[in-house]
Amino acid sequence: MTALANDVSLSEGVANAIAASRDRLLSLQHPDGYWWAKLESNVTITSEIVLLHKIWGTESRVPLDKMKNYLLREQRSHGGWELFYDDGGEISTSVEAYMALRLLGVSADDPALVRARAFILARGGVSKTRVFTKMNLALIGCYDWRGLPILPPWIMLLPKWSPFTIYDISSWARGSTVPLVVVFDKRPAYDVSPKISLEELYVEGYENARFRLPGGTQPIDGAFLALDRVLRLMQDANVVPFRKRSLEAARRWFLDRQEETGDWAGIIPAMVNSLLALRVLGYDKNDPAVARGLDSIDRFGVEDGDCYWVQPSISVVWDTALVIRALVDAGVRPDHPALVGGAEWLISKQILRGGDWQWRSEGEPGGWAFEFWNDCYPDVDDSAAVVMALHDVTLPDNGRKRGTILRAARWIDSMQSRPGGWGAYDVDNDKAWLNRLPYADLRAMIDPNTADLTAHVLEMHLHCETVGDHRSFDRGVRFLLAEQEADGSWFGRWGVNYLNGTGSALVTLSLLPAKPEYSRALDRGVAWLQRVQNDDGGWGETPRSYDDPAVKANGPSTPSQTAWALQGLIACYDRLDDSARLSLERGIAFLVERQLPDGGWDEPEFTGTGFPGHFYLNYNLYREHYPLSALGRYARLTSA
């Protein structure tokens, strides 16, 4: 048995670590029953809130000095701001932070901005930034709308049988894009105080900048650029078919989807863009829709000492479900009051009304969203996690609980796509050509089937005995097997990255009855995990693997990613040889040795994924509940 540095046996170390982590998580529960921790992203979210308040003239709602402190705190020694932890800085993120600091009154001659400007210019300046950064600059006259793609308003009126409708783009893109139909049509440039130009961020000089769309690398890119030129000529000539009707359809669409609390789609981009559209349409800041929207954004704010920043979303349902599962894994009895309270809260959040997902699904509502309020957009992954959490808890009315579970499982099944897998929010949302649109430089316009999410759905069915249509289930298994990479790993869309996908797939496939094809897949996955284990016993991977698979599972060891790998190995324990079992013990020892005195773990790295290649997340509870799950499952396994 592996020994720890302080000569405590591994089994004793695991028991102590479980107790400390369990007690810590129980202490973090909210009185209403849920668990939730701050969700961090890059500084563009806060920067865009600064811009929004400047445009609306509502700066008094937020502590501007603390927002400035936050942006300055997040600047790195190289002068730029990061997309994810320790990435060396990213140009669009840095331009937006620079813009926000100028709007907050920081002089261009301030040493922090001098360093930032050098960083930005060395990487090509404003002209090399993404579409949304350029749009934000254009809103205050710091970029020319000619350099942005046309977003024709008549897309709102396209019928279901047409090659494209707004429901063919992902839910997150839809909620953010429909209000921009209004903004891009009007192309406003607002006077704000202080007035800034940002001409100092153009390598070529503002007067020499070429405000046009960049060329692409594929034939379809040229076709889309030609189409954009035609649409631009039409817009400049004020020849826009059904313009008035289309803009009214867009306005009705996003207002119909505003929650009573003021939220739109549960994410800041949709909320900010909807408020921008209302500003363009001439709404007053005291209008109920605007007031509720501004209130909702305020609820995403975090006051952190002398800093203030804004979360991209609020992960409360996801956090609660995963913490419950971790506590059960750690041996907390299923009728513990904390678990009962959490489960009852989750049941109260089940969404029993329709939403955008009904465009291609005839299922009965029954899913959960990620956030406190987001009834239009329940998602498959949260719903599967909640179902498994509820299954593991004993409630006073278990009949009601079972009914909730079965209704959710039926809804999840109704969201299966043609290839056999599941996407997050929609069915068959997979028109990859949409990612080549000039507007779509984030390459996040669709929500296709993914291996990690499909694995979670299949795990739910096996864990909770909710398999309904066995043919549908078998299609899902075939999809998951087909997604295994040549080296034995699986891609992870929603967590960074192959470590997440591989751990999830191994957990699921290990629950299936033995078949040769399953055994081969499991053995290859285990062998891959062994090969990529770090010398310190842990596992790690940076978001760079989304852009370059050659660096998959290459990164400093982190608690959450180590836990994902360990969950996969633990699930395959009966088939591990001596070397694989040693890998497992080394990983467990890594978690035990790096636990902090308060029972938690340190993890500054971003291990959550929003948009691969473009937007990443630091879930502050990942470092807590995933290690506890792994340690709890290991303890149960080795004590049997």
# chains A, B, ... in the order shown; residues from 1 in each chain; ligands from 1

call {"tool": "residues_around", "arguments": {"residues": "Asp329 (chain A)", "least_positions_apart": "5", "cutoff": "12 Å", "atoms": "only C-alpha atoms", "output": "ChimeraX atom specification"}}
result
/A:18-19,21-22,322-324,334,388-389,392-393,567,625-637

call {"tool": "select_by_dssp", "arguments": {"residues": "region 228-362 of chain A", "states": "alpha helix (DSSP H)", "output": "PDB file with N, CA and C atoms, in the first residue's frame"}}
result
ATOM      1  N   ASP A 228     -22.382  38.449 -47.571  1.00  0.00           N
ATOM      2  CA  ASP A 228     -22.357  39.597 -46.670  1.00  0.00           C
ATOM      3  C   ASP A 228     -22.249  40.907 -47.452  1.00  0.00           C
ATOM      4  N   ARG A 229     -21.449  40.911 -48.532  1.00  0.00           N
ATOM      5  CA  ARG A 229     -21.317  42.127 -49.336  1.00  0.00           C
ATOM      6  C   ARG A 229     -22.648  42.519 -49.975  1.00  0.00           C
ATOM      7  N   VAL A 230     -23.393  41.519 -50.443  1.00  0.00           N
ATOM      8  CA  VAL A 230     -24.710  41.797 -51.028  1.00  0.00           C
ATOM      9  C   VAL A 230     -25.652  42.351 -49.965  1.00  0.00           C
ATOM     10  N   LEU A 231     -25.690  41.717 -48.805  1.00  0.00           N
ATOM     11  CA  LEU A 231     -26.572  42.180 -47.728  1.00  0.00           C
ATOM     12  C   LEU A 231     -26.178  43.579 -47.260  1.00  0.00           C
ATOM     13  N   ARG A 232     -24.881  43.885 -47.278  1.00  0.00           N
ATOM     14  CA  ARG A 232     -24.411  45.203 -46.859  1.00  0.00           C
ATOM     15  C   ARG A 232     -24.898  46.278 -47.842  1.00  0.00           C
ATOM     16  N   LEU A 233     -24.811  45.977 -49.131  1.00  0.00           N
ATOM     17  CA  LEU A 233     -25.298  46.929 -50.130  1.00  0.00           C
ATOM     18  C   LEU A 233     -26.789  47.174 -49.953  1.00  0.00           C
ATOM     19  N   MET A 234     -27.520  46.098 -49.668  1.00  0.00           N
ATOM     20  CA  MET A 234     -28.962  46.240 -49.468  1.00  0.00           C
ATOM     21  C   MET A 234     -29.259  47.085 -48.231  1.00  0.00           C
ATOM     22  N   GLN A 235     -28.532  46.824 -47.144  1.00  0.00           N
ATOM     23  CA  GLN A 235     -28.776  47.583 -45.926  1.00  0.00           C
ATOM     24  C   GLN A 235     -28.412  49.055 -46.117  1.00  0.00           C
ATOM     25  N   ASP A 236     -27.287  49.317 -46.787  1.00  0.00           N
ATOM     26  CA  ASP A 236     -26.876  50.701 -47.017  1.00  0.00           C
ATOM     27  C   ASP A 236     -27.893  51.445 -47.880  1.00  0.00           C
ATOM     28  N   ARG A 243     -38.380  44.504 -43.030  1.00  0.00           N
ATOM     29  CA  ARG A 243     -37.551  45.033 -41.949  1.00  0.00           C
ATOM     30  C   ARG A 243     -38.369  45.336 -40.702  1.00  0.00           C
ATOM     31  N   LYS A 244     -39.416  46.116 -40.841  1.00  0.00           N
ATOM     32  CA  LYS A 244     -40.196  46.525 -39.675  1.00  0.00           C
ATOM     33  C   LYS A 244     -40.817  45.319 -38.985  1.00  0.00           C
ATOM     34  N   ARG A 245     -41.372  44.437 -39.777  1.00  0.00           N
ATOM     35  CA  ARG A 245     -41.998  43.239 -39.212  1.00  0.00           C
ATOM     36  C   ARG A 245     -40.970  42.355 -38.518  1.00  0.00           C
ATOM     37  N   SER A 246     -39.789  42.247 -39.120  1.00  0.00           N
ATOM     38  CA  SER A 246     -38.743  41.387 -38.557  1.00  0.00           C
ATOM     39  C   SER A 246     -38.229  41.933 -37.234  1.00  0.00           C
ATOM     40  N   LEU A 247     -38.011  43.245 -37.167  1.00  0.00           N
ATOM     41  CA  LEU A 247     -37.524  43.838 -35.927  1.00  0.00           C
ATOM     42  C   LEU A 247     -38.555  43.713 -34.814  1.00  0.00           C
ATOM     43  N   GLU A 248     -39.820  43.825 -35.174  1.00  0.00           N
ATOM     44  CA  GLU A 248     -40.862  43.639 -34.175  1.00  0.00           C
ATOM     45  C   GLU A 248     -40.898  42.185 -33.696  1.00  0.00           C
ATOM     46  N   ALA A 249     -40.671  41.248 -34.615  1.00  0.00           N
ATOM     47  CA  ALA A 249     -40.626  39.833 -34.227  1.00  0.00           C
ATOM     48  C   ALA A 249     -39.461  39.568 -33.273  1.00  0.00           C
ATOM     49  N   ALA A 250     -38.322  40.196 -33.536  1.00  0.00           N
ATOM     50  CA  ALA A 250     -37.174  40.028 -32.645  1.00  0.00           C
ATOM     51  C   ALA A 250     -37.486  40.607 -31.269  1.00  0.00           C
ATOM     52  N   ARG A 251     -38.069  41.794 -31.248  1.00  0.00           N
ATOM     53  CA  ARG A 251     -38.411  42.424 -29.965  1.00  0.00           C
ATOM     54  C   ARG A 251     -39.357  41.544 -29.169  1.00  0.00           C
ATOM     55  N   ARG A 252     -40.416  41.062 -29.808  1.00  0.00           N
ATOM     56  CA  ARG A 252     -41.378  40.196 -29.107  1.00  0.00           C
ATOM     57  C   ARG A 252     -40.699  38.922 -28.626  1.00  0.00           C
ATOM     58  N   TRP A 253     -39.812  38.373 -29.448  1.00  0.00           N
ATOM     59  CA  TRP A 253     -39.166  37.097 -29.125  1.00  0.00           C
ATOM     60  C   TRP A 253     -38.377  37.222 -27.821  1.00  0.00           C
ATOM     61  N   PHE A 254     -37.516  38.235 -27.723  1.00  0.00           N
ATOM     62  CA  PHE A 254     -36.683  38.260 -26.509  1.00  0.00           C
ATOM     63  C   PHE A 254     -37.447  38.789 -25.305  1.00  0.00           C
ATOM     64  N   LEU A 255     -38.456  39.609 -25.511  1.00  0.00           N
ATOM     65  CA  LEU A 255     -39.259  40.023 -24.362  1.00  0.00           C
ATOM     66  C   LEU A 255     -40.113  38.866 -23.840  1.00  0.00           C
ATOM     67  N   ASP A 256     -40.607  38.036 -24.745  1.00  0.00           N
ATOM     68  CA  ASP A 256     -41.395  36.864 -24.320  1.00  0.00           C
ATOM     69  C   ASP A 256     -40.559  35.904 -23.487  1.00  0.00           C
ATOM     70  N   ILE A 268     -25.083  36.042 -18.917  1.00  0.00           N
ATOM     71  CA  ILE A 268     -24.858  37.473 -19.057  1.00  0.00           C
ATOM     72  C   ILE A 268     -24.896  37.943 -20.518  1.00  0.00           C
ATOM     73  N   PRO A 269     -24.302  37.229 -21.494  1.00  0.00           N
ATOM     74  CA  PRO A 269     -24.377  37.748 -22.863  1.00  0.00           C
ATOM     75  C   PRO A 269     -25.805  37.985 -23.347  1.00  0.00           C
ATOM     76  N   ALA A 270     -26.716  37.048 -23.086  1.00  0.00           N
ATOM     77  CA  ALA A 270     -28.105  37.237 -23.504  1.00  0.00           C
ATOM     78  C   ALA A 270     -28.746  38.391 -22.753  1.00  0.00           C
ATOM     79  N   MET A 271     -28.394  38.561 -21.490  1.00  0.00           N
ATOM     80  CA  MET A 271     -28.963  39.632 -20.677  1.00  0.00           C
ATOM     81  C   MET A 271     -28.452  41.002 -21.130  1.00  0.00           C
ATOM     82  N   VAL A 272     -27.153  41.104 -21.350  1.00  0.00           N
ATOM     83  CA  VAL A 272     -26.567  42.362 -21.806  1.00  0.00           C
ATOM     84  C   VAL A 272     -27.116  42.730 -23.184  1.00  0.00           C
ATOM     85  N   ASN A 273     -27.143  41.762 -24.103  1.00  0.00           N
ATOM     86  CA  ASN A 273     -27.578  42.061 -25.465  1.00  0.00           C
ATOM     87  C   ASN A 273     -29.050  42.445 -25.517  1.00  0.00           C
ATOM     88  N   SER A 274     -29.868  41.835 -24.676  1.00  0.00           N
ATOM     89  CA  SER A 274     -31.284  42.198 -24.640  1.00  0.00           C
ATOM     90  C   SER A 274     -31.458  43.630 -24.130  1.00  0.00           C
ATOM     91  N   LEU A 275     -30.681  44.001 -23.138  1.00  0.00           N
ATOM     92  CA  LEU A 275     -30.759  45.372 -22.632  1.00  0.00           C
ATOM     93  C   LEU A 275     -30.211  46.371 -23.646  1.00  0.00           C
ATOM     94  N   LEU A 276     -29.201  45.992 -24.404  1.00  0.00           N
ATOM     95  CA  LEU A 276     -28.724  46.859 -25.471  1.00  0.00           C
ATOM     96  C   LEU A 276     -29.811  47.061 -26.526  1.00  0.00           C
ATOM     97  N   ALA A 277     -30.509  45.973 -26.866  1.00  0.00           N
ATOM     98  CA  ALA A 277     -31.579  46.082 -27.865  1.00  0.00           C
ATOM     99  C   ALA A 277     -32.688  47.003 -27.370  1.00  0.00           C
ATOM    100  N   LEU A 278     -33.041  46.905 -26.099  1.00  0.00           N
ATOM    101  CA  LEU A 278     -34.069  47.789 -25.562  1.00  0.00           C
ATOM    102  C   LEU A 278     -33.603  49.245 -25.573  1.00  0.00           C
ATOM    103  N   ARG A 279     -32.323  49.469 -25.340  1.00  0.00           N
ATOM    104  CA  ARG A 279     -31.782  50.835 -25.426  1.00  0.00           C
ATOM    105  C   ARG A 279     -31.891  51.354 -26.852  1.00  0.00           C
ATOM    106  N   VAL A 280     -31.547  50.510 -27.824  1.00  0.00           N
ATOM    107  CA  VAL A 280     -31.641  50.890 -29.239  1.00  0.00           C
ATOM    108  C   VAL A 280     -33.078  51.216 -29.617  1.00  0.00           C
ATOM    109  N   PRO A 288     -40.446  48.600 -16.966  1.00  0.00           N
ATOM    110  CA  PRO A 288     -40.342  47.372 -16.154  1.00  0.00           C
ATOM    111  C   PRO A 288     -39.392  46.326 -16.721  1.00  0.00           C
ATOM    112  N   ALA A 289     -39.377  46.145 -18.041  1.00  0.00           N
ATOM    113  CA  ALA A 289     -38.488  45.140 -18.625  1.00  0.00           C
ATOM    114  C   ALA A 289     -37.029  45.523 -18.419  1.00  0.00           C
ATOM    115  N   VAL A 290     -36.722  46.796 -18.579  1.00  0.00           N
ATOM    116  CA  VAL A 290     -35.347  47.264 -18.378  1.00  0.00           C
ATOM    117  C   VAL A 290     -34.967  47.185 -16.903  1.00  0.00           C
ATOM    118  N   ALA A 291     -35.858  47.663 -16.040  1.00  0.00           N
ATOM    119  CA  ALA A 291     -35.558  47.651 -14.605  1.00  0.00           C
ATOM    120  C   ALA A 291     -35.324  46.231 -14.105  1.00  0.00           C
ATOM    121  N   ARG A 292     -36.177  45.301 -14.527  1.00  0.00           N
ATOM    122  CA  ARG A 292     -35.978  43.894 -14.110  1.00  0.00           C
ATOM    123  C   ARG A 292     -34.671  43.341 -14.665  1.00  0.00           C
ATOM    124  N   GLY A 293     -34.363  43.705 -15.919  1.00  0.00           N
ATOM    125  CA  GLY A 293     -33.122  43.218 -16.516  1.00  0.00           C
ATOM    126  C   GLY A 293     -31.894  43.724 -15.789  1.00  0.00           C
ATOM    127  N   LEU A 294     -31.894  45.001 -15.431  1.00  0.00           N
ATOM    128  CA  LEU A 294     -30.761  45.552 -14.683  1.00  0.00           C
ATOM    129  C   LEU A 294     -30.664  44.928 -13.295  1.00  0.00           C
ATOM    130  N   ASP A 295     -31.819  44.694 -12.668  1.00  0.00           N
ATOM    131  CA  ASP A 295     -31.806  44.026 -11.361  1.00  0.00           C
ATOM    132  C   ASP A 295     -31.190  42.636 -11.463  1.00  0.00           C
ATOM    133  N   SER A 296     -31.530  41.926 -12.538  1.00  0.00           N
ATOM    134  CA  SER A 296     -31.021  40.559 -12.685  1.00  0.00           C
ATOM    135  C   SER A 296     -29.508  40.559 -12.847  1.00  0.00           C
ATOM    136  N   ILE A 297     -28.979  41.517 -13.584  1.00  0.00           N
ATOM    137  CA  ILE A 297     -27.524  41.603 -13.741  1.00  0.00           C
ATOM    138  C   ILE A 297     -26.860  41.928 -12.408  1.00  0.00           C
ATOM    139  N   ASP A 298     -27.497  42.779 -11.624  1.00  0.00           N
ATOM    140  CA  ASP A 298     -26.942  43.082 -10.299  1.00  0.00           C
ATOM    141  C   ASP A 298     -26.776  41.813  -9.466  1.00  0.00           C
ATOM    142  N   ARG A 299     -27.699  40.866  -9.611  1.00  0.00           N
ATOM    143  CA  ARG A 299     -27.628  39.630  -8.816  1.00  0.00           C
ATOM    144  C   ARG A 299     -26.464  38.739  -9.231  1.00  0.00           C
ATOM    145  N   VAL A 316     -26.078  27.129  -9.694  1.00  0.00           N
ATOM    146  CA  VAL A 316     -26.616  26.609  -8.439  1.00  0.00           C
ATOM    147  C   VAL A 316     -27.210  25.199  -8.568  1.00  0.00           C
ATOM    148  N   VAL A 317     -27.938  24.912  -9.629  1.00  0.00           N
ATOM    149  CA  VAL A 317     -28.529  23.570  -9.776  1.00  0.00           C
ATOM    150  C   VAL A 317     -27.430  22.536 -10.000  1.00  0.00           C
ATOM    151  N   TRP A 318     -26.511  22.858 -10.861  1.00  0.00           N
ATOM    152  CA  TRP A 318     -25.376  21.973 -11.145  1.00  0.00           C
ATOM    153  C   TRP A 318     -24.565  21.714  -9.872  1.00  0.00           C
ATOM    154  N   ASP A 319     -24.236  22.771  -9.164  1.00  0.00           N
ATOM    155  CA  ASP A 319     -23.463  22.621  -7.933  1.00  0.00           C
ATOM    156  C   ASP A 319     -24.192  21.752  -6.914  1.00  0.00           C
ATOM    157  N   THR A 320     -25.479  22.000  -6.749  1.00  0.00           N
ATOM    158  CA  THR A 320     -26.240  21.269  -5.732  1.00  0.00           C
ATOM    159  C   THR A 320     -26.302  19.785  -6.051  1.00  0.00           C
ATOM    160  N   ALA A 321     -26.597  19.448  -7.294  1.00  0.00           N
ATOM    161  CA  ALA A 321     -26.693  18.033  -7.674  1.00  0.00           C
ATOM    162  C   ALA A 321     -25.368  17.318  -7.467  1.00  0.00           C
ATOM    163  N   LEU A 322     -24.270  17.935  -7.863  1.00  0.00           N
ATOM    164  CA  LEU A 322     -22.977  17.269  -7.762  1.00  0.00           C
ATOM    165  C   LEU A 322     -22.484  17.176  -6.319  1.00  0.00           C
ATOM    166  N   VAL A 323     -22.801  18.180  -5.509  1.00  0.00           N
ATOM    167  CA  VAL A 323     -22.427  18.086  -4.091  1.00  0.00           C
ATOM    168  C   VAL A 323     -23.194  16.957  -3.412  1.00  0.00           C
ATOM    169  N   ILE A 324     -24.489  16.834  -3.703  1.00  0.00           N
ATOM    170  CA  ILE A 324     -25.273  15.740  -3.116  1.00  0.00           C
ATOM    171  C   ILE A 324     -24.656  14.401  -3.482  1.00  0.00           C
ATOM    172  N   ARG A 325     -24.316  14.221  -4.741  1.00  0.00           N
ATOM    173  CA  ARG A 325     -23.717  12.953  -5.164  1.00  0.00           C
ATOM    174  C   ARG A 325     -22.397  12.706  -4.437  1.00  0.00           C
ATOM    175  N   ALA A 326     -21.594  13.752  -4.268  1.00  0.00           N
ATOM    176  CA  ALA A 326     -20.309  13.585  -3.579  1.00  0.00           C
ATOM    177  C   ALA A 326     -20.505  13.200  -2.123  1.00  0.00           C
ATOM    178  N   LEU A 327     -21.471  13.823  -1.457  1.00  0.00           N
ATOM    179  CA  LEU A 327     -21.715  13.498  -0.054  1.00  0.00           C
ATOM    180  C   LEU A 327     -22.213  12.062   0.109  1.00  0.00           C
ATOM    181  N   VAL A 328     -23.030  11.608  -0.817  1.00  0.00           N
ATOM    182  CA  VAL A 328     -23.471  10.204  -0.783  1.00  0.00           C
ATOM    183  C   VAL A 328     -22.269   9.291  -1.003  1.00  0.00           C
ATOM    184  N   ASP A 329     -21.424   9.640  -1.986  1.00  0.00           N
ATOM    185  CA  ASP A 329     -20.210   8.847  -2.216  1.00  0.00           C
ATOM    186  C   ASP A 329     -19.345   8.790  -0.957  1.00  0.00           C
ATOM    187  N   PRO A 337     -30.508  15.110   6.897  1.00  0.00           N
ATOM    188  CA  PRO A 337     -31.306  16.321   6.654  1.00  0.00           C
ATOM    189  C   PRO A 337     -30.729  17.244   5.584  1.00  0.00           C
ATOM    190  N   ALA A 338     -29.402  17.317   5.487  1.00  0.00           N
ATOM    191  CA  ALA A 338     -28.812  18.175   4.463  1.00  0.00           C
ATOM    192  C   ALA A 338     -29.128  17.668   3.066  1.00  0.00           C
ATOM    193  N   LEU A 339     -29.045  16.346   2.900  1.00  0.00           N
ATOM    194  CA  LEU A 339     -29.346  15.771   1.590  1.00  0.00           C
ATOM    195  C   LEU A 339     -30.827  15.879   1.273  1.00  0.00           C
ATOM    196  N   VAL A 340     -31.654  15.656   2.258  1.00  0.00           N
ATOM    197  CA  VAL A 340     -33.102  15.787   2.055  1.00  0.00           C
ATOM    198  C   VAL A 340     -33.449  17.223   1.668  1.00  0.00           C
ATOM    199  N   GLY A 341     -32.864  18.183   2.374  1.00  0.00           N
ATOM    200  CA  GLY A 341     -33.123  19.585   2.051  1.00  0.00           C
ATOM    201  C   GLY A 341     -32.667  19.948   0.650  1.00  0.00           C
ATOM    202  N   GLY A 342     -31.504  19.460   0.251  1.00  0.00           N
ATOM    203  CA  GLY A 342     -31.008  19.716  -1.095  1.00  0.00           C
ATOM    204  C   GLY A 342     -31.872  19.079  -2.156  1.00  0.00           C
ATOM    205  N   ALA A 343     -32.304  17.840  -1.911  1.00  0.00           N
ATOM    206  CA  ALA A 343     -33.146  17.146  -2.883  1.00  0.00           C
ATOM    207  C   ALA A 343     -34.501  17.815  -3.022  1.00  0.00           C
ATOM    208  N   GLU A 344     -35.084  18.217  -1.922  1.00  0.00           N
ATOM    209  CA  GLU A 344     -36.381  18.897  -1.986  1.00  0.00           C
ATOM    210  C   GLU A 344     -36.257  20.220  -2.744  1.00  0.00           C
ATOM    211  N   TRP A 345     -35.159  20.921  -2.526  1.00  0.00           N
ATOM    212  CA  TRP A 345     -34.961  22.167  -3.270  1.00  0.00           C
ATOM    213  C   TRP A 345     -34.854  21.880  -4.761  1.00  0.00           C
ATOM    214  N   LEU A 346     -34.123  20.833  -5.125  1.00  0.00           N
ATOM    215  CA  LEU A 346     -34.003  20.479  -6.537  1.00  0.00           C
ATOM    216  C   LEU A 346     -35.361  20.129  -7.142  1.00  0.00           C
ATOM    217  N   ILE A 347     -36.154  19.372  -6.428  1.00  0.00           N
ATOM    218  CA  ILE A 347     -37.481  19.018  -6.947  1.00  0.00           C
ATOM    219  C   ILE A 347     -38.304  20.272  -7.203  1.00  0.00           C
ATOM    220  N   SER A 348     -38.162  21.261  -6.330  1.00  0.00           N
ATOM    221  CA  SER A 348     -38.928  22.501  -6.502  1.00  0.00           C
ATOM    222  C   SER A 348     -38.502  23.274  -7.731  1.00  0.00           C
TER     223      SER A 348
END

call {"tool": "closest_atom_pairs", "arguments": {"of": "region 174-279 of chain A", "to": "region 139-150 of chain A", "cutoff": "6 Å", "atoms": "only C-alpha atoms", "output": "tab-separated table"}}
result
residue	atom	partner	partner_atom	distance
A:Pro188	CA	A:Leu139	CA	5.8
A:Ala189	CA	A:Leu139	CA	4.6
A:Tyr190	CA	A:Ile140	CA	4.9
A:Ser197	CA	A:Cys142	CA	5.1
A:Phe211	CA	A:Gly147	CA	3.9
A:Arg212	CA	A:Gly147	CA	4.1
A:Leu213	CA	A:Gly147	CA	5.7

call {"tool": "residues_around", "arguments": {"residues": "region 509-526 of chain A", "least_positions_apart": "3", "cutoff": "6 Å", "atoms": "only C-alpha atoms", "output": "VMD selection string"}}
result
chain A and resid 488 to 489 506 529

call {"tool": "closest_residue", "arguments": {"among": "A:Leu180, A:Ala409, A:Ala173, A:Leu617", "to": "Asp382 (chain A)", "atoms": "only C-alpha atoms"}}
result
A:Ala409

call {"tool": "residues_around", "arguments": {"residues": "region 545-562 of chain A", "least_positions_apart": "3", "cutoff": "10 Å", "atoms": "only C-alpha atoms", "output": "VMD selection string"}}
result
chain A and resid 489 491 to 493 495 to 500 503 528 to 529 531 to 542 565 to 567 584 587 to 588 590 to 592 594 to 595 600 to 609 611 to 614 619 621 to 628 630

call {"tool": "closest_residue", "arguments": {"among": "A:Glu364, A:Lys431, A:His461, A:Pro159", "to": "His391 (chain A)", "atoms": "only C-alpha atoms"}}
result
A:His461

call {"tool": "atom_distance", "arguments": {"atom1": "CA of Asn136 (chain A)", "atom2": "CA of Asp441 (chain A)"}}
result
15.0 Å

call {"tool": "closest_residue", "arguments": {"among": "A:Trp264, A:Gly403, A:Asp598, A:Val95", "to": "Arg174 (chain A)", "atoms": "only C-alpha atoms"}}
result
A:Trp264

call {"tool": "residues_around", "arguments": {"residues": "Asn429 (chain A)", "least_positions_apart": "2", "cutoff": "8 Å", "atoms": "only C-alpha atoms", "output": "list in words"}}
result
Asp168, Ile169, Ser170, Gly423, Asp426, Val427, Lys431, Ile446, Asp447 and Pro448 of chain A

call {"tool": "closest_residue", "arguments": {"among": "A:Val310, A:Val183, A:Leu462, A:Ala451", "to": "Ile45 (chain A)", "atoms": "only C-alpha atoms"}}
result
A:Val310

call {"tool": "select_by_dssp", "arguments": {"residues": "region 209-331 of chain A", "states": "strand (DSSP E)", "output": "list in words"}}
result
Gly301, Val302, Glu303, Asp304, Cys307, Tyr308, Trp309 and Val310 of chain A

call {"tool": "closest_residue", "arguments": {"among": "A:Gln484, A:Ser47, A:Ser417, A:Thr454", "to": "Trp309 (chain A)", "atoms": "only C-alpha atoms"}}
result
A:Ser47

call {"tool": "closest_residue", "arguments": {"among": "A:Gly301, A:Leu480, A:Leu458, A:Asp381", "to": "Leu39 (chain A)", "atoms": "only C-alpha atoms"}}
result
A:Gly301

call {"tool": "atom_distance", "arguments": {"atom1": "CA of Tyr439 (chain A)", "atom2": "CA of Pro378 (chain A)"}}
result
25.9 Å
